[in-house]
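Enquirer: Shown below is the structure under consideration.
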Amino acid sequence: MSEYDPVDPPVALTIAGSDSGGGAGIQADLAAMAAHGVFGTSVVTATTAQHTRGVEDVHPLPADHVATQYAAVDGDFEVAAIKTGMLATADIVETVTESVSGADAPLVVDPVMVAATGDRLLSPAAEDAYEALIAAATLVTPNADEAAVLTDEPVETPADAEAAGRELVALGADAALVKGGHLDGGSVDEGVVVDTLVRAGGAGGGETAPTVDRFETPRIDTEATHGSGCALSSAIAARLARGEPLREAVAAAVEGMTEAVRRGYDVGEGPGAVNPTASGGE
């Protein structure tokens with residue numbers, strides 16, 4: 001009989017929707033968490049009927065069931081980091097905010113608000129409900145379109161991204177990473193993606209000016225970027241669960257996403273998806 005030799009990794013939690021096509025949502029989150037060395041648990045907020053060509057239907061789960069899922073995970077696991085993705089409705093946003101309010105773990109909020117087509121995914125009430133969740137966040141990770149929704153200002157260049165990040169920190173987030181994949185101009189050149197990290201200054205913000213870092217990575221010539229935001233925020237959460245400092249966790253996750261996009265999955269009839277399993281490493 002072989003000897004039992006278990007491993008004891010840190011535990012992270014994703015609170016997000018399920019992607020039936022497997023490229024984003026809970027499915028991408030758990031793959032990214034495993035790639036970055038943690039055990040992933042999940043709270044499903046909605047099921048979707050989608051594939052590589054688009055989304056056909058979304059079915060939000062009852063908010064009380066979302067709360068029950070969270071309580072089940074929280075009551076059994078020592079959760080070392082939490083990541084939120086698609087929360088679907090104002091009731092779910094509020095329920096999740098209340099659920100995580102007592103958590104002693106870093107919170108990464110990926111505010112899934114805008115589809116790749118540019119269409120708004122949430123009602124105005126749900127968008128407004130994000131204010132309290134962002135205030136509780138260790139890190140909020142909007143793309144340019146989502147940063148524009150959250151700040152009510154256009155975000156088209158890295159300078160705009162920095163301004164949006166500063167505003168999100170002023171709203172209470174410890175830090176904001178404004179992702180550069182959708183920026184229209186102002187980067188070093190069109191072959192570069194510029195992600196902008198703004199961190200509150202001083203202990204808990206204080207009076208010190210925020211710190212700004214920009215991460216430049218090669219832009220991969222592909223439309224197969226489905227799931228990139230999910231995988232990136234989950235990779236950051238995984239690294240925070242492992243005890244890495246925020247800047248180092250973000251830098252490693254951003255670098256890993258280049259490989260995840262480069263080695264994306266050529267599946268389905270649409271553009272395909274990123275490969276979260278390729279984003280890990282030490």
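Chain labels run A, B, ... following the order of the structure tokens; each chain numbers its residues from 1, and ligands are numbered from 1 in the order shown.
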So which residues touch Arg214 (chain A) within 10 Å, counting only C-alpha atoms, skipping near sequence neighbours fewer than 5 positions away, as a list in words?
Expert: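 After dropping sequence-adjacent residues, the list is Pro158, Glu162, Leu177, Val178, Gly180, Val193, Val194, Asp195, Thr196, Leu197, Val198 and Ala251 of chain A.
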Enquirer: So which residues of region 9-242 of chain A fall under alpha helix (DSSP H) by DSSP, listed as a ChimeraX atom specification?
Expert: /A:25-35,63-74,90-100,124-135,144-151,158-170,228-241
Enquirer: Give me, as a PDB file with C-alpha atoms, in the first residue's frame, all polymer residues having an atom no more than 7 Å from region 62-75 of chain A, counting only C-alpha atoms and skipping those fewer than 5 positions away in the same chain.
Expert:
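selection_31.pdb written:
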```pdb
ATOM      1  CA  VAL A  43     -19.295  30.518  -4.739  1.00  0.00           C
ATOM      2  CA  VAL A  44     -21.377  30.546  -7.932  1.00  0.00           C
ATOM      3  CA  THR A  45     -23.420  33.713  -8.453  1.00  0.00           C
ATOM      4  CA  ASP A  91     -28.953  41.976  -4.487  1.00  0.00           C
ATOM      5  CA  ILE A  92     -25.963  39.710  -5.116  1.00  0.00           C
ATOM      6  CA  THR A  95     -25.005  40.078  -0.330  1.00  0.00           C
ATOM      7  CA  SER A  99     -20.580  38.273   3.417  1.00  0.00           C
TER       8      SER A  99
END
```
Enquirer: What gap, in Å, lies between CA of Ala16 (chain A) and CA of Asp110 (chain A)?
Expert: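 One can read the CA of Ala16 (chain A) to CA of Asp110 (chain A) distance as 9.5 Å.
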Enquirer: Identify which of the residues A:Gly22, A:Ala161, A:Asp152, A:His182 lies closest to Ala49 (chain A), counting only C-alpha atoms when measuring atom-to-atom distances.
Expert: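 Closest residue, counting only C-alpha atoms: A:Gly22.
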Enquirer: Would you list the contacts of Val79 (chain A) as a PyMOL selection string, taking every protein, DNA or RNA residue within 9 Å and counting only C-alpha atoms, but skipping same-chain residues closer than 5 positions in sequence?
Expert: chain A and resi 10-13+41+73-74+103-105+241
Enquirer: Go ahead and dump the residues you just picked, N, CA and C atoms, as a PDB file, in the first residue's frame.
Expert:
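Generated file (result_3.pdb):
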```pdb
ATOM      1  N   PRO A  10      -2.242  26.993   0.377  1.00  0.00           N
ATOM      2  CA  PRO A  10      -3.182  28.033   0.792  1.00  0.00           C
ATOM      3  C   PRO A  10      -4.495  27.867   0.040  1.00  0.00           C
ATOM      4  N   VAL A  11      -5.559  28.398   0.616  1.00  0.00           N
ATOM      5  CA  VAL A  11      -6.892  28.308   0.014  1.00  0.00           C
ATOM      6  C   VAL A  11      -7.332  29.693  -0.437  1.00  0.00           C
ATOM      7  N   ALA A  12      -7.824  29.773  -1.660  1.00  0.00           N
ATOM      8  CA  ALA A  12      -8.417  31.014  -2.173  1.00  0.00           C
ATOM      9  C   ALA A  12      -9.868  30.744  -2.551  1.00  0.00           C
ATOM     10  N   LEU A  13     -10.658  31.784  -2.624  1.00  0.00           N
ATOM     11  CA  LEU A  13     -12.081  31.676  -2.934  1.00  0.00           C
ATOM     12  C   LEU A  13     -12.428  32.600  -4.093  1.00  0.00           C
ATOM     13  N   THR A  41     -11.576  27.396  -4.054  1.00  0.00           N
ATOM     14  CA  THR A  41     -12.953  27.106  -3.694  1.00  0.00           C
ATOM     15  C   THR A  41     -13.839  28.117  -4.416  1.00  0.00           C
ATOM     16  N   VAL A  73     -18.296  27.562   2.644  1.00  0.00           N
ATOM     17  CA  VAL A  73     -16.844  27.603   2.420  1.00  0.00           C
ATOM     18  C   VAL A  73     -16.143  28.214   3.625  1.00  0.00           C
ATOM     19  N   ASP A  74     -16.665  29.336   4.077  1.00  0.00           N
ATOM     20  CA  ASP A  74     -16.041  30.058   5.187  1.00  0.00           C
ATOM     21  C   ASP A  74     -16.040  29.241   6.476  1.00  0.00           C
ATOM     22  N   ALA A 103     -14.336  39.112   6.647  1.00  0.00           N
ATOM     23  CA  ALA A 103     -13.231  38.231   6.250  1.00  0.00           C
ATOM     24  C   ALA A 103     -11.885  38.855   6.580  1.00  0.00           C
ATOM     25  N   ASP A 104     -10.997  38.041   7.127  1.00  0.00           N
ATOM     26  CA  ASP A 104      -9.636  38.482   7.425  1.00  0.00           C
ATOM     27  C   ASP A 104      -8.718  37.974   6.319  1.00  0.00           C
ATOM     28  N   ALA A 105      -8.952  38.470   5.122  1.00  0.00           N
ATOM     29  CA  ALA A 105      -8.204  38.007   3.954  1.00  0.00           C
ATOM     30  C   ALA A 105      -8.222  39.106   2.910  1.00  0.00           C
ATOM     31  N   ALA A 241      -2.816  35.059  -1.526  1.00  0.00           N
ATOM     32  CA  ALA A 241      -3.069  33.966  -0.590  1.00  0.00           C
ATOM     33  C   ALA A 241      -1.767  33.300  -0.160  1.00  0.00           C
TER      34      ALA A 241
END
```
